[in-house]
Amino acid sequence: CFWKATQKEIKNNLETKAYEPVSLEESAKIRQSQPDKVMEPRYVCTAKPLEPLDVLPAKESGLLLDWDNQEPCKAKVRHVMKGFSEEGAELLNSTTPQVTREGSMFVAQMIASHRWRLGFMDFTQAFHSGDPINRTLFCEQPREGVPGMVPGQLIRLLKCCYGLTDGPHSWFMHIRRVLVEDLGYQQSLADPCIFMLFGQNMQLHGIIGLATDDLLHGGDSKHLDQMHKLKQRYKLGKFQFDEGRFTGKDFVMDKNFNIHVTQNAYANTIESIPMTNKRKRCRYSFCTDDEVSQLRAALGALAWLAKETRPELAGKTALLQQAMPKPRVNDLVEANQLIQEAKKYASSGIKISSIPPKALRVGVISDASWGNAREHAVLEHSKFDTWEETADAWIRHHHTPRHTLFHPAATADGPDLHSICADRETFIEGEVLKDRWNTNAGLRDLNRGEWTGCTKFFKQKNGGILPADEINELFLKFLNTSSQGGILTMFYHVDLETASTPQPVSMISWKTSRLKRKTVNTLSAECQSMINAVGNVHWLRFLMLEALGHRLTNADWGQQLASIPYVAVTDSKSLFDCMNKLVCTYTQTADKRTAIDIAILKDDLKRTGGHARWVEGSNMLSDPLTKKMKGSFLRTVCNQGTWSLNSQGHRQQKQEFETLFVIYQG
């Protein structure tokens with residue numbers, strides 16, 4: 001299969017005039033006179049996952065791989081240059097322009113709202129379909145050789161072949177010129193990889209999201225005419241409608257023009273971390289290097305899934321990532337539970353509702369959890385304190401003055417918690433204090449000023465293990481010195497602001513992260529999260545203004561944004577009251593820095609057409625972005641594409657959800 005793919009690759013490269021063979025005689029002269037112009041290449045072989053429509057063509061061409069895999073794949077080969085070795089490569093533009101995740105969801109929302117057909121297109125040999133290069137370059141043959149060429153022949157590069165440092169950027173500049181100058185599209189200022197086609201009176205006729213050589217698009221007959229021009233001009237790998245894959249996500253349009261975005265196949269490929277029951281019982285032990293490597297791979301896979309289509313997994317994944325680089329066995333158990341949840345609801349994703357353009361609004365839901373984010377892997381760092389291991393004990397020598405008792409988990413280089421007894425002896429100036437470290441009082445202050453000495457922990461006898469349920473995990477909570485913030489950005493029907501029943505919504509983007517600034521209370525954390533959230537809303541509103549045909553400039557874009565009202569939702573009653581009931585936040589806010597933040601936030605909302613809304617805690621969608629909690633409510637809203645700001649509408653939706661859950665369980 002891969003040999004056939006290699007032959008196909010070389011044939012395509014020659015037909016597109018990406019390069020041409022050089023005679024043996026000329027090759028010898030080039031090696032002698034221009035050795036710095038000759039690069040090494042290689043074949044890159046990959047197994048490319050296939051969409052259902054591509055399986056039969058791959059089979060007929062002999063490229064379909066016959067192996068046990070979650071989804072069908074075909075052999076794909078690229079003839080790639082080692083562009084990093086080109087002289088002056090560091091001076092070339094090496095950017096790879098890609099539509100943003102939010103940008104691609106915006107494109108899908110515009111297509112759904114205008115009730116256009118969802119289209120997919122990708123270019124075969126895209127880089128080779130671009131403009132000729134303006135420099136002299138040659139390459140050797142890969143060690144496997146090139147079909148039709150004899151050993152020793154060089155290849156002269158004519159276009160930006162794969163692997164050249166400026167390949168992606170050169171192709172982008174080419175296709176941008178074609179779309180803008182030849183086909184009449186306008187390039188977005190907010191996201192340069194979004195292109196819009198306007199007609200008279202700046203009416204939107206079509207929209208394109210570009211990800212290197214893939215296009216997600218939709219539009220009326222004028223737009224489709226332009227897409228057919230592209231089809232005639234370039235060799236395409238796919239030109240299909242209604243369902244397809246774009247940037248690793250599956251997009252499917254239903255009969256009502258709603259678009260469902262999922263990653264079913266990818267979710268099922270995430271592998272659990274193998275663990276024995278004995279290992280699970282030692283949940284407070286540090287992971288081995290091999291376990292750390294497996295956890296890192298699992299978290300990487302979960303993070304991409306959570307970032308693209310599964311917001312209900314985002315908070316737990318982000319908080320779990322904070323256990324690195326010194327995770328414990330319990331983190332492995334949590335990762336496996338998260339993987340099982342990802343697989344159980346593999347078909348879950350995002351529904352982009354077909355909301356009419358005139359009723360389309362954008363809003364944000366922000367949340368924060370105070371003091372639940374980890375910033376450090378251990379409790380203490382000291383250059384002078386040391387561990388001593390004896391035959392029957394571990395002894396910590398305290399040369400640095402301290403106030404609290406010492407916990408054996410305070411450092412990463414001490415004993416395994418399950419290998420020692422619960423008894424602890426603290427030696428201070430000839431006095432011996434005996435207690436147990438595995439209780440709530442294991443980290444208490446002695447209330448006797450600074451002290452030095454040592455702490456002794458006795459080893460388990462005969463290889464015994466201290467059970468996990470006898471270890472109080474309060475010491476882990478002391479690591480949580482930061483706050484976690486979460487943001488959900490959505491498109492919604494304008495009636496959401498006033499109706500007492502659930503209305504159409506589309507969850508477009510979400511983000512969970514540790515707040516950059518330390519916060520002194522919940523109000524401070526909630527305010528900081530909402531400030532970040534409002535910035536996300538402005539960017540999407542800017543895109544909406546562009547789609548409406550506004551000519552935006554530095555001078556007035558802020559004023560034009562006010563023409564698209566928006567809501568900023570929170571479940572923090574204290575933040576809502578500060579923003580809506582207080583004229584001067586200084587007098588009612590203990591932390592004066594937070595008072596300044598709230599004042600700025602109030603002014604921003606007023607100037608840009610926004611208003612704050614409060615919802616009950618049970619109706620808060622962003623909770624799974626900031627806490628380790630079940631994400632069933634958020635998952636349901638994302639899949640069904642409806643939500644309500646009103647408490648009555650929330651109760652109605654909750655009852656409907658519970659009924660569906662009972663039916664599902666049955």
# chains A, B, ... in the order shown; residues from 1 in each chain; ligands from 1
call {"tool": "residues_around", "arguments": {"residues": "Thr46 in chain A", "least_positions_apart": "4", "cutoff": "12 Å", "atoms": "only C-alpha atoms", "output": "PyMOL selection string"}}
result
chain A and resi 1-2+5-6+63+65+73-79
call {"tool": "residues_around", "arguments": {"residues": "Ser347 in chain A", "least_positions_apart": "2", "cutoff": "9 Å", "atoms": "only C-alpha atoms", "output": "short mmCIF file (atom, residue, chain, number, x, y, z; two decimals) with all heavy atoms, in the first residue's frame"}}
result
data_model
loop_
_atom_site.label_atom_id
_atom_site.label_comp_id
_atom_site.auth_asym_id
_atom_site.auth_seq_id
_atom_site.Cartn_x
_atom_site.Cartn_y
_atom_site.Cartn_z
N THR A 262 -18.72 16.64 16.25
CA THR A 262 -18.33 15.57 17.16
C THR A 262 -16.94 15.05 16.83
O THR A 262 -16.38 15.37 15.78
CB THR A 262 -19.33 14.39 17.09
OG1 THR A 262 -19.34 13.87 15.75
CG2 THR A 262 -20.73 14.82 17.47
N GLN A 263 -16.42 14.21 17.73
CA GLN A 263 -15.14 13.51 17.53
C GLN A 263 -15.27 12.07 18.03
O GLN A 263 -14.48 11.60 18.82
CB GLN A 263 -14.01 14.23 18.26
CG GLN A 263 -13.60 15.55 17.65
CD GLN A 263 -12.52 16.24 18.46
OE1 GLN A 263 -12.76 16.68 19.58
NE2 GLN A 263 -11.33 16.34 17.91
N ASN A 264 -16.30 11.40 17.56
CA ASN A 264 -16.62 10.05 18.02
C ASN A 264 -15.44 9.09 17.87
O ASN A 264 -15.02 8.42 18.83
CB ASN A 264 -17.84 9.53 17.24
CG ASN A 264 -18.42 8.29 17.87
OD1 ASN A 264 -17.74 7.56 18.59
ND2 ASN A 264 -19.68 8.03 17.60
N ALA A 265 -14.89 9.02 16.67
CA ALA A 265 -13.81 8.06 16.40
C ALA A 265 -12.58 8.37 17.25
O ALA A 265 -11.94 7.46 17.80
CB ALA A 265 -13.45 8.08 14.92
N ALA A 267 -12.41 9.94 20.18
CA ALA A 267 -12.64 9.64 21.60
C ALA A 267 -12.42 8.17 21.90
O ALA A 267 -11.90 7.80 22.96
CB ALA A 267 -14.06 10.06 21.99
N LYS A 343 -15.25 8.06 26.53
CA LYS A 343 -15.68 6.99 25.63
C LYS A 343 -17.16 6.69 25.77
O LYS A 343 -17.84 6.37 24.78
CB LYS A 343 -14.85 5.73 25.90
CG LYS A 343 -13.40 5.83 25.47
CD LYS A 343 -12.70 4.50 25.63
CE LYS A 343 -11.31 4.53 25.02
NZ LYS A 343 -10.64 3.21 25.09
N LYS A 344 -17.67 6.76 27.00
CA LYS A 344 -19.08 6.45 27.23
C LYS A 344 -19.97 7.39 26.44
O LYS A 344 -21.02 6.99 25.91
CB LYS A 344 -19.39 6.55 28.73
CG LYS A 344 -20.83 6.21 29.08
CD LYS A 344 -21.06 6.28 30.58
CE LYS A 344 -22.50 5.93 30.93
NZ LYS A 344 -22.75 5.99 32.40
N TYR A 345 -19.57 8.66 26.35
CA TYR A 345 -20.35 9.65 25.61
C TYR A 345 -19.58 10.11 24.37
O TYR A 345 -19.53 11.29 24.06
CB TYR A 345 -20.67 10.84 26.51
CG TYR A 345 -21.41 10.47 27.77
CD1 TYR A 345 -20.75 10.36 29.00
CD2 TYR A 345 -22.78 10.20 27.74
CE1 TYR A 345 -21.43 10.02 30.15
CE2 TYR A 345 -23.47 9.85 28.89
CZ TYR A 345 -22.79 9.76 30.09
OH TYR A 345 -23.47 9.40 31.24
N GLY A 349 -21.16 16.00 21.57
CA GLY A 349 -20.42 17.09 20.92
C GLY A 349 -21.17 18.40 21.04
O GLY A 349 -21.80 18.68 22.06
#
call {"tool": "select_by_dssp", "arguments": {"residues": "range 400-438 of chain A", "states": "strand (DSSP E or B)", "output": "list in words"}}
result
Thr400, Pro401, Arg402, Thr404, Ile420, Cys421, Ala422, Asp423, Arg424, Glu425, Thr426, Phe427, Ile428, Glu431, Val432, Leu433, Lys434, Asp435 and Arg436 of chain A
call {"tool": "write_last_selection", "arguments": {"atoms": "N, CA, C and O atoms", "output": "short mmCIF file (atom, residue, chain, number, x, y, z; two decimals), in the first residue's frame"}}
result
data_model
loop_
_atom_site.label_atom_id
_atom_site.label_comp_id
_atom_site.auth_asym_id
_atom_site.auth_seq_id
_atom_site.Cartn_x
_atom_site.Cartn_y
_atom_site.Cartn_z
N THR A 400 16.31 24.73 58.77
CA THR A 400 15.63 26.01 58.56
C THR A 400 14.54 26.18 59.61
O THR A 400 13.71 25.28 59.77
N PRO A 401 14.52 27.28 60.33
CA PRO A 401 13.48 27.49 61.35
C PRO A 401 12.08 27.39 60.74
O PRO A 401 11.83 27.88 59.64
N ARG A 402 11.15 26.77 61.49
CA ARG A 402 9.80 26.57 61.00
C ARG A 402 8.80 26.77 62.16
O ARG A 402 9.17 26.78 63.33
N THR A 404 5.34 25.10 61.77
CA THR A 404 4.39 23.98 61.73
C THR A 404 5.11 22.65 61.89
O THR A 404 6.32 22.54 61.68
N ILE A 420 5.22 3.87 55.26
CA ILE A 420 5.55 4.27 56.63
C ILE A 420 4.32 4.14 57.52
O ILE A 420 3.17 4.07 57.04
N CYS A 421 4.54 4.11 58.82
CA CYS A 421 3.45 4.03 59.79
C CYS A 421 2.85 5.43 60.00
O CYS A 421 3.43 6.44 59.62
N ALA A 422 1.72 5.46 60.65
CA ALA A 422 1.04 6.73 60.90
C ALA A 422 1.67 7.49 62.07
O ALA A 422 1.42 8.69 62.24
N ASP A 423 2.49 6.82 62.88
CA ASP A 423 3.11 7.48 64.04
C ASP A 423 4.22 8.44 63.60
O ASP A 423 4.96 8.18 62.65
N ARG A 424 4.32 9.54 64.35
CA ARG A 424 5.34 10.55 64.06
C ARG A 424 5.95 11.03 65.38
O ARG A 424 5.23 11.22 66.37
N GLU A 425 7.26 11.20 65.36
CA GLU A 425 7.95 11.75 66.53
C GLU A 425 8.72 12.99 66.11
O GLU A 425 9.52 12.95 65.17
N THR A 426 8.43 14.10 66.79
CA THR A 426 9.08 15.38 66.49
C THR A 426 10.01 15.74 67.64
O THR A 426 9.57 15.82 68.81
N PHE A 427 11.28 15.94 67.33
CA PHE A 427 12.29 16.24 68.35
C PHE A 427 12.62 17.73 68.29
O PHE A 427 13.12 18.24 67.28
N ILE A 428 12.34 18.44 69.42
CA ILE A 428 12.58 19.88 69.50
C ILE A 428 13.31 20.17 70.81
O ILE A 428 12.74 20.01 71.90
N GLU A 431 13.03 17.78 73.56
CA GLU A 431 11.65 17.35 73.82
C GLU A 431 11.17 16.48 72.68
O GLU A 431 11.50 16.72 71.51
N VAL A 432 10.37 15.46 72.98
CA VAL A 432 9.82 14.57 71.96
C VAL A 432 8.30 14.70 71.95
O VAL A 432 7.64 14.46 72.97
N LEU A 433 7.76 15.10 70.79
CA LEU A 433 6.32 15.22 70.63
C LEU A 433 5.84 14.05 69.77
O LEU A 433 6.24 13.91 68.61
N LYS A 434 4.98 13.20 70.35
CA LYS A 434 4.48 12.04 69.62
C LYS A 434 3.03 12.28 69.19
O LYS A 434 2.19 12.67 70.01
N ASP A 435 2.76 12.04 67.91
CA ASP A 435 1.40 12.14 67.39
C ASP A 435 1.30 11.34 66.10
O ASP A 435 2.19 10.55 65.78
N ARG A 436 0.23 11.57 65.33
CA ARG A 436 0.03 10.88 64.05
C ARG A 436 -0.06 11.94 62.94
O ARG A 436 -0.78 12.93 63.08
#
call {"tool": "atom_distance", "arguments": {"atom1": "CA of Leu154 in chain A", "atom2": "CA of Pro168 in chain A"}}
result
23.9 Å
call {"tool": "closest_residue", "arguments": {"among": "A:Leu24, A:Glu526, A:Gly300, A:Asn277", "to": "Val150 in chain A", "atoms": "only C-alpha atoms"}}
result
A:Leu24
call {"tool": "closest_residue", "arguments": {"among": "A:Ile596, A:Lys518, A:Glu243, A:Gly119", "to": "His223 in chain A", "atoms": "only C-alpha atoms"}}
result
A:Gly119
call {"tool": "atom_distance", "arguments": {"atom1": "CA of Pro72 in chain A", "atom2": "CA of Pro49 in chain A"}}
result
5.9 Å
